[in-house]
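Quick look at start_14.tsv (TSV, C-alpha atoms):
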chain	number	residue	atom	x	y	z
F	24	MET	CA	9.24	0.42	24.18
F	25	LYS	CA	5.81	1.31	25.40
F	26	THR	CA	3.27	2.15	22.73
F	27	ASP	CA	2.46	5.51	24.34
F	28	ASP	CA	6.13	6.50	24.23
F	29	LEU	CA	6.32	5.35	20.64
F	30	ILE	CA	3.38	7.53	19.65
F	31	ASP	CA	4.94	10.51	21.41
F	32	ALA	CA	8.25	9.91	19.67
F	33	LEU	CA	6.61	9.60	16.23
F	34	ALA	CA	4.50	12.73	16.68
F	35	ALA	CA	7.37	14.85	17.98
F	36	GLY	CA	9.15	16.62	15.16
F	37	LEU	CA	6.60	15.61	12.54
F	38	GLN	CA	7.42	17.07	9.11
F	39	PRO	CA	4.90	17.88	6.38
F	40	ALA	CA	4.82	15.03	3.84
F	41	ARG	CA	4.56	15.45	0.10
F	42	PRO	CA	2.78	12.69	-1.85
F	43	ALA	CA	5.07	9.74	-2.56
F	44	ARG	CA	5.76	9.02	-6.23
F	45	LEU	CA	8.06	6.90	-8.32
F	46	ASN	CA	11.44	8.62	-8.44
F	47	ALA	CA	11.73	10.13	-11.93
F	48	LEU	CA	15.49	10.61	-11.66
F	49	LEU	CA	16.04	6.90	-11.00
F	50	LEU	CA	13.74	6.01	-13.91
F	51	ALA	CA	15.87	8.23	-16.14
F	52	CYS	CA	18.89	6.33	-14.82
F	53	ALA	CA	17.19	3.06	-15.80
F	54	ALA	CA	16.70	4.38	-19.35
F	55	ALA	CA	20.33	5.58	-19.53
F	56	ALA	CA	21.56	2.22	-18.18
F	57	SER	CA	19.54	0.42	-20.88
F	58	VAL	CA	21.04	2.56	-23.64
F	59	ALA	CA	24.52	2.01	-22.23
F	60	ALA	CA	23.96	-1.76	-21.93
F	61	VAL	CA	22.80	-2.01	-25.55
F	62	ALA	CA	25.73	0.07	-26.80
F	63	ILE	CA	28.37	-1.78	-24.77
F	64	LEU	CA	27.10	-5.37	-24.72
F	65	LEU	CA	25.25	-5.68	-28.02
F	66	GLY	CA	26.39	-2.83	-30.23
F	67	VAL	CA	24.41	-0.11	-32.00
F	68	ARG	CA	23.07	-0.78	-35.48
F	69	PRO	CA	25.04	0.65	-38.39
F	70	ALA	CA	23.34	3.52	-40.22
F	71	LEU	CA	21.50	4.54	-37.07
F	72	ALA	CA	20.32	7.84	-38.54
F	73	GLU	CA	18.48	5.98	-41.28
F	74	VAL	CA	17.03	3.49	-38.78
F	75	LEU	CA	15.79	6.27	-36.53
F	76	SER	CA	13.87	7.91	-39.35
F	77	SER	CA	11.97	4.76	-40.29
F	78	PRO	CA	8.41	4.47	-39.00
F	79	THR	CA	8.78	0.78	-38.06
F	80	THR	CA	11.48	1.66	-35.55
F	81	TRP	CA	9.13	4.12	-33.91
F	82	MET	CA	6.29	1.63	-33.91
F	83	LYS	CA	8.48	-0.81	-31.97
F	84	GLY	CA	9.56	1.91	-29.61
F	85	LEU	CA	6.00	3.12	-29.14
F	86	TYR	CA	4.79	-0.37	-28.21
F	87	THR	CA	7.51	-1.09	-25.66
F	88	ALA	CA	7.42	2.45	-24.24
F	89	GLY	CA	3.64	2.12	-23.96
F	90	LEU	CA	4.10	-1.12	-22.03
F	91	ALA	CA	6.65	0.54	-19.77
F	92	GLY	CA	4.30	3.48	-19.18
F	93	ALA	CA	1.32	1.28	-18.29
F	94	ALA	CA	3.52	-0.86	-16.02
F	95	LEU	CA	4.88	2.22	-14.24
F	96	TRP	CA	1.33	3.47	-13.72
F	97	LEU	CA	0.48	0.04	-12.31
F	98	SER	CA	3.56	0.12	-10.05
F	99	ALA	CA	2.65	3.57	-8.74
F	100	ARG	CA	-0.90	2.53	-7.91
F	101	ALA	CA	0.07	-0.86	-6.47
F	102	GLY	CA	2.51	1.02	-4.23
F	103	ARG	CA	-0.32	2.91	-2.53
F	104	PRO	CA	-2.13	0.81	0.08
F	105	GLY	CA	-5.81	0.28	-0.60
F	106	VAL	CA	-5.77	1.76	-4.12
F	107	ASP	CA	-7.62	-0.01	-6.93
F	108	THR	CA	-5.28	-1.31	-9.67
F	109	ARG	CA	-7.83	-2.38	-12.26
F	110	ALA	CA	-7.47	0.65	-14.54
F	111	PRO	CA	-3.68	0.33	-15.10
F	112	LEU	CA	-4.03	-3.46	-15.44
F	113	ALA	CA	-6.62	-2.91	-18.15
F	114	ALA	CA	-4.31	-0.40	-19.85
F	115	LEU	CA	-1.47	-2.93	-19.79
F	116	ALA	CA	-3.71	-5.62	-21.27
F	117	ALA	CA	-4.99	-3.18	-23.91
F	118	VAL	CA	-1.47	-2.31	-25.08
F	119	VAL	CA	-0.55	-6.00	-25.43
F	120	GLY	CA	-3.92	-6.84	-26.99
F	121	LEU	CA	-3.56	-4.10	-29.60
F	122	ALA	CA	-0.09	-5.29	-30.61
F	123	VAL	CA	-1.15	-8.94	-30.81
F	124	PHE	CA	-4.24	-8.05	-32.83
F	125	TRP	CA	-2.25	-5.90	-35.21
F	126	GLY	CA	0.46	-8.56	-35.55
F	127	ALA	CA	-2.14	-11.23	-36.35
F	128	LEU	CA	-3.68	-8.96	-38.95
F	129	GLU	CA	-0.28	-8.42	-40.50
F	130	LEU	CA	0.36	-12.16	-40.70
F	131	LEU	CA	-3.04	-12.76	-42.29
F	132	MET	CA	-2.24	-10.29	-45.04
F	133	THR	CA	1.18	-11.84	-45.67
F	134	PRO	CA	1.41	-14.55	-48.36
F	135	GLY	CA	1.49	-18.00	-46.70
F	136	SER	CA	5.02	-18.86	-47.78
F	137	GLU	CA	6.47	-15.78	-46.06
F	138	ARG	CA	4.48	-15.98	-42.86
F	139	LEU	CA	6.98	-18.00	-40.87
F	140	VAL	CA	9.89	-15.78	-41.90
F	141	ASP	CA	7.85	-12.72	-40.98
F	142	TRP	CA	6.98	-14.10	-37.58
F	143	LEU	CA	10.37	-15.57	-36.59
F	144	GLY	CA	12.56	-12.98	-38.30
F	145	ARG	CA	16.27	-13.66	-38.02
F	146	THR	CA	16.70	-13.10	-34.31
F	147	TRP	CA	13.78	-14.78	-32.53
F	148	THR	CA	16.15	-17.11	-30.70
F	149	VAL	CA	18.09	-14.24	-29.09
F	150	CYS	CA	15.45	-11.49	-28.79
F	151	GLY	CA	14.06	-12.49	-25.40
F	152	ARG	CA	17.50	-13.23	-24.01
F	153	ASN	CA	18.84	-9.85	-25.15
F	154	ILE	CA	15.90	-8.02	-23.60
F	155	LEU	CA	16.57	-9.81	-20.30
F	156	LEU	CA	20.26	-8.95	-20.54
F	157	VAL	CA	19.51	-5.25	-20.97
F	158	SER	CA	16.82	-5.49	-18.26
F	159	ALA	CA	19.45	-6.67	-15.80
F	160	ALA	CA	21.14	-3.28	-16.19
F	161	ALA	CA	17.89	-1.34	-15.78
F	162	ALA	CA	16.37	-3.39	-12.94
F	163	VAL	CA	18.12	-1.89	-9.93
F	164	PRO	CA	17.28	1.79	-10.61
F	165	THR	CA	13.73	0.86	-11.62
F	166	PHE	CA	13.09	-1.06	-8.40
F	167	LEU	CA	14.76	1.66	-6.32
F	168	SER	CA	12.47	4.27	-7.88
F	169	ALA	CA	9.58	2.70	-5.91
F	170	ARG	CA	11.32	2.88	-2.54
F	171	ARG	CA	9.12	5.60	-1.10
F	172	LEU	CA	5.98	3.61	-1.91
F	173	ALA	CA	4.37	0.92	0.23
F	174	PRO	CA	3.42	-2.12	-1.88
F	175	THR	CA	1.03	-4.31	0.07
F	176	ARG	CA	1.39	-7.11	-2.50
F	177	PRO	CA	5.17	-7.41	-3.01
F	178	ALA	CA	5.02	-10.09	-5.73
F	179	PHE	CA	2.40	-8.19	-7.71
F	180	SER	CA	4.32	-4.93	-7.43
F	181	GLY	CA	7.48	-6.80	-8.38
F	182	PHE	CA	5.72	-8.05	-11.51
F	183	ALA	CA	4.67	-4.50	-12.41
F	184	LEU	CA	8.19	-3.14	-11.87
F	185	GLY	CA	9.65	-6.10	-13.79
F	186	VAL	CA	7.43	-5.37	-16.79
F	187	ALA	CA	8.39	-1.69	-16.53
F	188	THR	CA	12.07	-2.68	-16.49
F	189	GLY	CA	11.55	-4.96	-19.48
F	190	GLY	CA	9.65	-2.23	-21.33
F	191	ILE	CA	12.39	0.34	-20.78
F	192	ALA	CA	15.10	-2.16	-21.76
F	193	ALA	CA	13.20	-3.35	-24.84
F	194	THR	CA	12.71	0.23	-26.02
F	195	ALA	CA	16.46	0.83	-26.01
F	196	TYR	CA	17.05	-2.58	-27.59
F	197	GLY	CA	14.38	-2.14	-30.27
F	198	VAL	CA	15.44	1.33	-31.35
F	199	LEU	CA	19.22	0.95	-31.15
F	200	HIS	CA	20.01	-2.69	-31.91
F	201	CYS	CA	17.22	-4.98	-33.12
F	202	PRO	CA	17.00	-5.32	-36.93
F	203	GLU	CA	13.49	-6.81	-37.02
F	204	SER	CA	10.70	-4.79	-38.55
F	205	THR	CA	7.45	-6.78	-38.46
F	206	ILE	CA	4.74	-6.17	-35.92
F	207	ALA	CA	4.09	-9.90	-35.58
F	208	PHE	CA	7.68	-10.37	-34.47
F	209	VAL	CA	7.55	-7.56	-31.91
F	210	ALA	CA	4.14	-8.59	-30.58
F	211	THR	CA	5.43	-12.13	-29.94
F	212	TRP	CA	9.09	-12.07	-29.01
F	213	TYR	CA	9.31	-8.66	-27.36
F	214	THR	CA	6.20	-9.47	-25.37
F	215	ALA	CA	7.70	-12.80	-24.32
F	216	GLY	CA	10.95	-11.16	-23.19
F	217	ILE	CA	9.14	-8.45	-21.25
F	218	ALA	CA	6.79	-10.99	-19.67
F	219	ALA	CA	9.82	-13.00	-18.53
F	220	ALA	CA	11.22	-9.82	-16.98
F	221	GLY	CA	7.88	-9.40	-15.20
F	222	LEU	CA	8.01	-12.94	-13.78
F	223	ILE	CA	11.57	-12.49	-12.57
F	224	GLY	CA	10.47	-9.17	-11.07
F	225	ALA	CA	7.62	-10.89	-9.23
F	226	ALA	CA	10.04	-13.39	-7.68
F	227	ALA	CA	12.45	-10.61	-6.75
F	228	GLY	CA	9.66	-8.43	-5.39
F	229	ARG	CA	8.64	-11.06	-2.82
F	230	VAL	CA	11.97	-10.43	-1.13
F	231	ALA	CA	13.10	-6.98	-2.27
F	232	LEU	CA	9.88	-5.03	-1.86
F	233	ARG	CA	9.01	-5.96	1.73
F	234	TRP	CA	8.92	-3.11	4.19
K	14	MET	CA	-19.65	11.82	14.27
K	15	ASP	CA	-18.54	9.78	11.29
K	16	ARG	CA	-15.32	8.05	12.29
K	17	GLU	CA	-13.92	7.96	8.78
K	18	ALA	CA	-14.36	11.72	8.41
K	19	GLU	CA	-12.79	12.33	11.79
K	20	LEU	CA	-9.75	10.14	11.11
K	21	LYS	CA	-9.31	11.58	7.66
K	22	ARG	CA	-9.35	15.11	9.03
K	23	LEU	CA	-6.59	14.16	11.50
K	24	MET	CA	-4.63	12.45	8.71
K	25	LEU	CA	-4.76	15.50	6.47
K	26	ARG	CA	-3.60	17.73	9.29
K	27	GLY	CA	-0.83	15.25	10.06
K	28	LEU	CA	0.31	15.32	6.44
K	29	ASP	CA	0.56	19.09	6.72
K	30	GLY	CA	2.86	18.61	9.71
K	31	ASP	CA	0.56	19.08	12.72
K	32	PRO	CA	2.10	16.97	15.54
K	33	GLY	CA	-0.97	17.28	17.80
K	34	ALA	CA	-3.31	15.88	15.15
K	35	TRP	CA	-0.80	13.15	14.34
K	36	ARG	CA	-0.54	12.13	17.97
K	37	MET	CA	-4.31	11.99	18.24
K	38	LEU	CA	-4.58	9.96	15.03
K	39	LEU	CA	-1.97	7.42	16.13
K	40	THR	CA	-3.66	7.10	19.53
K	41	GLN	CA	-7.03	6.45	17.92
K	42	LEU	CA	-5.50	4.00	15.46
K	43	ARG	CA	-3.86	2.18	18.32
K	44	GLY	CA	-7.29	1.72	19.83
K	45	ALA	CA	-8.60	0.34	16.54
K	46	LEU	CA	-5.59	-1.83	15.70
K	47	THR	CA	-5.27	-3.55	19.08
K	48	PRO	CA	-8.58	-5.47	18.88
K	49	TYR	CA	-8.02	-6.09	15.15
K	50	PHE	CA	-4.67	-7.82	15.69
K	51	ARG	CA	-5.65	-9.48	18.96
K	52	ARG	CA	-8.58	-11.22	17.39
K	53	ARG	CA	-6.52	-12.46	14.43
K	54	LEU	CA	-3.64	-13.65	16.58
K	55	SER	CA	-6.10	-15.43	18.87
K	56	GLY	CA	-4.94	-13.86	22.07
K	57	LEU	CA	-1.16	-13.70	21.67
K	58	GLU	CA	-1.05	-10.41	23.56
K	59	ALA	CA	2.66	-9.72	23.20
K	60	ASP	CA	2.63	-10.39	19.44
K	61	ALA	CA	-0.42	-8.19	19.03
K	62	GLU	CA	1.24	-5.32	20.85
K	63	ASP	CA	4.38	-5.71	18.69
K	64	LEU	CA	2.25	-5.68	15.57
K	65	VAL	CA	0.40	-2.57	16.70
K	66	GLN	CA	3.73	-0.81	17.16
K	67	ASP	CA	5.03	-2.11	13.81
K	68	CYS	CA	1.91	-0.91	12.13
K	69	LEU	CA	2.00	2.55	13.74
K	70	ILE	CA	5.61	2.93	12.62
K	71	ALA	CA	4.65	1.84	9.09
K	72	ILE	CA	1.74	4.28	9.00
K	73	HIS	CA	4.09	7.02	10.14
K	74	ALA	CA	6.92	6.15	7.74
K	75	LYS	CA	4.67	5.62	4.72
K	76	ARG	CA	2.20	8.43	5.35
K	77	ALA	CA	3.23	10.05	2.05
K	78	THR	CA	1.61	7.16	0.16
K	79	TYR	CA	-1.82	8.26	1.35
K	80	ASP	CA	-3.82	9.79	-1.47
K	81	ARG	CA	-5.87	12.73	-0.16
K	82	SER	CA	-8.80	11.86	-2.42
K	83	MET	CA	-9.11	8.35	-0.92
K	84	ALA	CA	-10.87	6.90	2.10
K	85	PHE	CA	-8.51	6.94	5.05
K	86	THR	CA	-9.80	3.70	6.54
K	87	ALA	CA	-9.13	1.78	3.30
K	88	TRP	CA	-5.52	2.96	3.36
K	89	ALA	CA	-4.93	2.16	7.02
K	90	TYR	CA	-6.67	-1.21	6.74
K	91	ALA	CA	-4.49	-2.21	3.75
K	92	ILE	CA	-1.37	-1.46	5.80
K	93	ALA	CA	-2.66	-3.36	8.85
K	94	ARG	CA	-3.55	-6.38	6.73
K	95	TYR	CA	-0.14	-6.28	5.03
K	96	LYS	CA	1.62	-6.16	8.39
K	97	LEU	CA	-0.44	-9.11	9.61
K	98	ILE	CA	0.38	-11.20	6.51
K	99	ASP	CA	4.04	-10.23	6.82
K	100	HIS	CA	4.01	-11.27	10.48
K	101	PHE	CA	2.67	-14.73	9.61
K	102	ARG	CA	5.21	-15.06	6.81
K	103	ARG	CA	8.09	-14.20	9.08
K	104	GLN	CA	6.94	-16.98	11.39
K	105	GLY	CA	6.95	-19.29	8.40
K	106	ARG	CA	3.21	-19.84	8.65
K	107	ARG	CA	0.96	-19.84	5.65
K	108	VAL	CA	-2.18	-18.23	6.93
K	109	ASP	CA	-4.88	-17.00	4.63
K	110	VAL	CA	-5.88	-13.49	5.64
K	111	PRO	CA	-9.17	-12.82	3.88
K	112	LEU	CA	-9.72	-9.41	2.36
K	113	GLU	CA	-12.45	-7.86	4.48
K	114	ASP	CA	-14.25	-4.60	4.21
K	115	ALA	CA	-11.93	-1.87	5.45
K	116	ALA	CA	-14.58	-0.80	7.94
K	117	VAL	CA	-13.72	-3.77	10.23
K	118	LEU	CA	-10.80	-1.72	11.43
K	119	THR	CA	-12.95	0.94	13.01
K	120	ALA	CA	-15.98	-1.29	13.55
K	121	GLU	CA	-14.16	-3.68	15.88
K	122	HIS	CA	-13.10	-0.78	17.96
K	123	SER	CA	-16.64	0.48	18.33
K	124	VAL	CA	-17.94	-3.02	19.09
K	125	GLU	CA	-15.52	-3.31	21.97
K	126	ASP	CA	-16.35	0.23	23.01
K	127	GLY	CA	-20.00	-0.71	22.98
K	128	VAL	CA	-19.40	-3.78	25.13
K	129	VAL	CA	-17.56	-1.73	27.73
K	130	ARG	CA	-20.27	0.90	27.70
K	131	ARG	CA	-22.97	-1.75	28.15
K	132	ASP	CA	-21.09	-3.34	31.06
K	133	LEU	CA	-20.62	0.05	32.61
K	134	SER	CA	-24.25	1.05	32.41
K	135	LYS	CA	-25.25	-2.35	33.86
K	136	VAL	CA	-23.00	-1.77	36.87
K	137	LEU	CA	-24.17	1.80	37.30
K	138	SER	CA	-27.84	0.81	37.11
K	139	ILE	CA	-27.80	-0.30	40.76
K	140	LEU	CA	-27.42	3.33	41.82
K	141	PRO	CA	-30.28	5.75	42.36
K	142	MET	CA	-30.60	8.16	39.42
K	143	ARG	CA	-29.27	11.21	41.27
K	144	GLN	CA	-26.14	9.41	42.51
K	145	ARG	CA	-25.65	7.88	39.12
K	146	ARG	CA	-25.65	11.22	37.35
K	147	LEU	CA	-23.11	12.60	39.75
K	148	ILE	CA	-20.72	9.72	39.34
K	149	GLU	CA	-21.04	9.77	35.57
K	150	ASP	CA	-20.17	13.46	35.54
K	151	VAL	CA	-17.19	13.12	37.85
K	152	ARG	CA	-15.70	9.76	36.89
K	153	ILE	CA	-16.59	9.54	33.20
K	154	GLY	CA	-17.54	13.02	32.02
K	155	GLY	CA	-14.42	14.63	33.44
K	156	PHE	CA	-16.16	17.37	35.41
K	157	SER	CA	-14.69	18.64	38.65
K	158	LEU	CA	-16.61	17.99	41.86
K	159	ALA	CA	-17.74	21.64	42.04
K	160	GLU	CA	-18.95	21.61	38.42
K	161	ALA	CA	-20.78	18.32	38.89
K	162	ALA	CA	-22.41	19.64	42.06
K	163	ALA	CA	-23.58	22.74	40.19
K	164	ARG	CA	-24.92	20.66	37.32
K	165	ASN	CA	-26.93	18.48	39.70
K	166	GLY	CA	-28.06	21.19	42.07
K	167	CYS	CA	-26.32	20.22	45.30
K	168	THR	CA	-23.39	21.48	47.37
K	169	GLU	CA	-19.86	20.35	46.69
K	170	GLY	CA	-19.69	18.63	50.09
K	171	ALA	CA	-22.85	16.65	49.40
K	172	ALA	CA	-21.54	15.68	45.96
K	173	LYS	CA	-18.28	14.45	47.49
K	174	VAL	CA	-20.10	12.28	50.00
K	175	SER	CA	-22.44	10.95	47.31
K	176	VAL	CA	-19.59	10.00	44.96
K	177	HIS	CA	-17.74	8.33	47.80
K	178	ARG	CA	-20.82	6.26	48.74
K	179	SER	CA	-21.47	5.35	45.14
K	180	MET	CA	-17.92	4.07	44.64
K	181	LYS	CA	-18.24	1.97	47.76
K	182	ALA	CA	-21.56	0.51	46.62
K	183	LEU	CA	-20.19	-0.14	43.14
K	184	SER	CA	-17.06	-1.93	44.27
K	185	ALA	CA	-19.11	-3.99	46.71
K	186	SER	CA	-21.46	-5.02	43.90
K	187	VAL	CA	-18.62	-5.93	41.54
K	188	ILE	CA	-16.86	-8.00	44.22
K	189	SER	CA	-20.05	-9.85	45.10
K	190	HIS	CA	-20.55	-10.59	41.38
K	191	GLU	CA	-17.10	-12.10	41.12
K	192	ASP	CA	-17.60	-14.40	44.09
If you convert what's in this file into structure tokens, what do you get?
Amino acid sequence: MKTDDLIDALAAGLQPARPARLNALLLACAAAASVAAVAILLGVRPALAEVLSSPTTWMKGLYTAGLAGAALWLSARAGRPGVDTRAPLAALAAVVGLAVFWGALELLMTPGSERLVDWLGRTWTVCGRNILLVSAAAAVPTFLSARRLAPTRPAFSGFALGVATGGIAATAYGVLHCPESTIAFVATWYTAGIAAAGLIGAAAGRVALRW
Amino acid sequence: MDREAELKRLMLRGLDGDPGAWRMLLTQLRGALTPYFRRRLSGLEADAEDLVQDCLIAIHAKRATYDRSMAFTAWAYAIARYKLIDHFRRQGRRVDVPLEDAAVLTAEHSVEDGVVRRDLSKVLSILPMRQRRLIEDVRIGGFSLAEAAARNGCTEGAAKVSVHRSMKALSASVISHED
């Protein structure tokens, strides 16, 4: 096809375009899929009403939801060609930094003999794996939510969407299933699981996010 | 006029659904993208043309990702660079495409424009001033013979003869240069 004809064809029938965003409906699907995956594959904690009213549960949820929010902001910006991504990257780092700092403080104030128990909890061996398991259910709708965008760095955008997926999955996991209640535990093992989701997302993004 | 402002104005009108502005924008971008890709593909003309088309389609399909508060050139350059990297990757080549200032996109166009303009004025300089003005009006400025004649204060017939003679002299000079 000649380039002149192509330009004519593209210009003919041009429709007004509204700004491209992450698809909120698909993100809601990702959250619903995470809740369903936790309920079906891992099981919901007994005495959920009591768990939901405890402040530690909400602290966990706040951290992982904050990570998901910063990662979605990063995904949205990285999906717009030529847009600076330093602000959302800094936000992401700040959320992690705050949790790590707080967790370290908590460990320092814990008597030495209990530190290891506090840090490893009872589930450190399965925490990351479980987060990845739930992420697998949330990954497809999360990645699809960015379809209208145009990531010029597919691996980087894949990392951002992977962290967002991990954050959404970990929020469902932390609130509905995970029995741990120390900040040191969450800052370490949740962060590790979500970071793994980010790395898998980066590898997937190299292929899945090309356009 | 500032090229960035001009392109951005066309882009905004295109986003609002103005096909004329969109056509003009794509045409101008084609002019900017062709030298950009050609230089980076070191003369693979066919590949460059394919990439230009790819890139125009991408700019069309992803126009909703343009943020109205941003510089248009930065957006278009990021897409062009991405398409270039993707092209190398599809060929299985690992080529480092350095991140340049987005202005190269429009600058390369104007450089080439400037070269053509310089060549043109060199060729035209062999003509007497009066003949030169006439031919510039008719062949470059887009005036009709009658308008050009009026602008230069002669009859249409005289203008016609003058333009004809000028063209003859010009082609003779170009041919003798090539020999």
For segment 137-141 of chain K: contacts at 9 Å, only C-alpha atoms, fewer than 5 positions along chain excluded, given as a PyMOL selection string
chain K and resi 132+146+148-149+179+182-183+186
As AutoDock Vina command-line options, what would the box around segment 75-94 of chain F look like: edges along x, y and z, 8 Å added on every side, centre and edge lengths in Å to one decimal?
--center_x 8.6 --center_y 3.4 --center_z -28.2 --size_x 30.5 --size_y 25.0 --size_z 40.3
Interface rows for chain F against chain K: nearest pair, Å to one decimal, 12 Å, only C-alpha atoms, as CSV:
residue,atom,partner,partner_atom,distance
F:Met24,CA,K:Gln66,CA,9.0
F:Lys25,CA,K:Gln66,CA,8.8
F:Thr26,CA,K:Gln66,CA,6.3
F:Asp27,CA,K:Thr40,CA,7.9
F:Asp28,CA,K:Gln66,CA,10.4
F:Leu29,CA,K:Gln66,CA,7.5
F:Ile30,CA,K:Arg36,CA,6.3
F:Asp31,CA,K:Arg36,CA,6.7
F:Ala32,CA,K:Arg36,CA,9.2
F:Leu33,CA,K:His73,CA,7.1
F:Ala34,CA,K:Pro32,CA,5.0
F:Ala35,CA,K:Pro32,CA,6.2
F:Gly36,CA,K:Pro32,CA,7.1
F:Leu37,CA,K:Gly30,CA,5.6
F:Gln38,CA,K:Gly30,CA,4.9
F:Pro39,CA,K:Gly30,CA,4.0
F:Ala40,CA,K:Leu28,CA,5.2
F:Arg41,CA,K:Ala77,CA,5.9
F:Pro42,CA,K:Ala77,CA,4.7
F:Ala43,CA,K:Ala77,CA,5.0
F:Arg44,CA,K:Thr78,CA,7.8
F:Leu45,CA,K:Thr78,CA,10.7
F:Ala99,CA,K:Thr78,CA,9.7
F:Arg100,CA,K:Thr78,CA,9.6
F:Ala101,CA,K:Thr78,CA,10.5
F:Gly102,CA,K:Thr78,CA,7.6
F:Arg103,CA,K:Thr78,CA,5.4
F:Pro104,CA,K:Trp88,CA,5.2
F:Gly105,CA,K:Trp88,CA,4.8
F:Val106,CA,K:Trp88,CA,7.6
F:Asp107,CA,K:Met83,CA,10.4
F:Ala169,CA,K:Thr78,CA,11.0
F:Arg170,CA,K:Lys75,CA,10.2
F:Arg171,CA,K:Lys75,CA,7.3
F:Leu172,CA,K:Thr78,CA,6.0
F:Ala173,CA,K:Lys75,CA,6.5
F:Pro174,CA,K:Tyr95,CA,8.8
F:Thr175,CA,K:Tyr95,CA,5.5
F:Arg176,CA,K:Tyr95,CA,7.7
F:Pro177,CA,K:Tyr95,CA,9.7
F:Arg229,CA,K:Asp99,CA,10.7
F:Val230,CA,K:Asp99,CA,11.2
F:Leu232,CA,K:Asp99,CA,11.7
F:Arg233,CA,K:Asp99,CA,8.3
F:Trp234,CA,K:Ala71,CA,8.2
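Atom to atom, atom CA of Val123 of chain F and atom CA of Ala56 of chain F stand 28.3 Å apart.
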Please identify all polymer residues lying at most 9 Å from the point (12.7, 1.1, -17.3) (file coordinates), using all atoms listed in the file, and present the result as a PyMOL selection string.
chain F and resi 50-54+56-57+88+91-92+95+158+161-162+164-165+184-194
Export C-alpha atoms of the chosen residues as a JSON list (two decimals), in the frame of the given file?
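File produced: out.json:
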[["chain", "number", "residue", "atom", "x", "y", "z"],
["F", 50, "LEU", "CA", 13.74, 6.01, -13.91],
["F", 51, "ALA", "CA", 15.87, 8.23, -16.14],
["F", 52, "CYS", "CA", 18.89, 6.33, -14.82],
["F", 53, "ALA", "CA", 17.19, 3.06, -15.80],
["F", 54, "ALA", "CA", 16.70, 4.38, -19.35],
["F", 56, "ALA", "CA", 21.56, 2.22, -18.18],
["F", 57, "SER", "CA", 19.54, 0.42, -20.88],
["F", 88, "ALA", "CA", 7.42, 2.45, -24.24],
["F", 91, "ALA", "CA", 6.65, 0.54, -19.77],
["F", 92, "GLY", "CA", 4.30, 3.48, -19.18],
["F", 95, "LEU", "CA", 4.88, 2.22, -14.24],
["F", 158, "SER", "CA", 16.82, -5.49, -18.26],
["F", 161, "ALA", "CA", 17.89, -1.34, -15.78],
["F", 162, "ALA", "CA", 16.37, -3.39, -12.94],
["F", 164, "PRO", "CA", 17.28, 1.79, -10.61],
["F", 165, "THR", "CA", 13.73, 0.86, -11.62],
["F", 184, "LEU", "CA", 8.19, -3.14, -11.87],
["F", 185, "GLY", "CA", 9.65, -6.10, -13.79],
["F", 186, "VAL", "CA", 7.43, -5.37, -16.79],
["F", 187, "ALA", "CA", 8.39, -1.69, -16.53],
["F", 188, "THR", "CA", 12.07, -2.68, -16.49],
["F", 189, "GLY", "CA", 11.55, -4.96, -19.48],
["F", 190, "GLY", "CA", 9.65, -2.23, -21.33],
["F", 191, "ILE", "CA", 12.39, 0.34, -20.78],
["F", 192, "ALA", "CA", 15.10, -2.16, -21.76],
["F", 193, "ALA", "CA", 13.20, -3.35, -24.84],
["F", 194, "THR", "CA", 12.71, 0.23, -26.02]]
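Atom CA of Val136 of chain K is positioned 11.0 Å from atom CA of Met180 of chain K.
Coordinates place atom CA of Gln41 of chain K at a distance of 23.9 Å from atom CA of Pro111 of chain K.
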Phe101 of chain K: which residues within 12 Å, counting only C-alpha atoms, same-chain residues fewer than 6 positions away excluded, as a ChimeraX atom specification?
/K:50,53-54,60-61,64,94-95,107-110
Write the residues you've just listed into a file as an mmCIF file, in the coordinates of the input, and include C-alpha atoms for each of them.
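Just written: again.cif:
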data_model
loop_
_atom_site.group_PDB
_atom_site.id
_atom_site.type_symbol
_atom_site.label_atom_id
_atom_site.label_comp_id
_atom_site.auth_asym_id
_atom_site.auth_seq_id
_atom_site.Cartn_x
_atom_site.Cartn_y
_atom_site.Cartn_z
ATOM 1 C CA PHE K 50 -4.670 -7.820 15.690
ATOM 2 C CA ARG K 53 -6.520 -12.460 14.430
ATOM 3 C CA LEU K 54 -3.640 -13.650 16.580
ATOM 4 C CA ASP K 60 2.630 -10.390 19.440
ATOM 5 C CA ALA K 61 -0.420 -8.190 19.030
ATOM 6 C CA LEU K 64 2.250 -5.680 15.570
ATOM 7 C CA ARG K 94 -3.550 -6.380 6.730
ATOM 8 C CA TYR K 95 -0.140 -6.280 5.030
ATOM 9 C CA ARG K 107 0.960 -19.840 5.650
ATOM 10 C CA VAL K 108 -2.180 -18.230 6.930
ATOM 11 C CA ASP K 109 -4.880 -17.000 4.630
ATOM 12 C CA VAL K 110 -5.880 -13.490 5.640
#
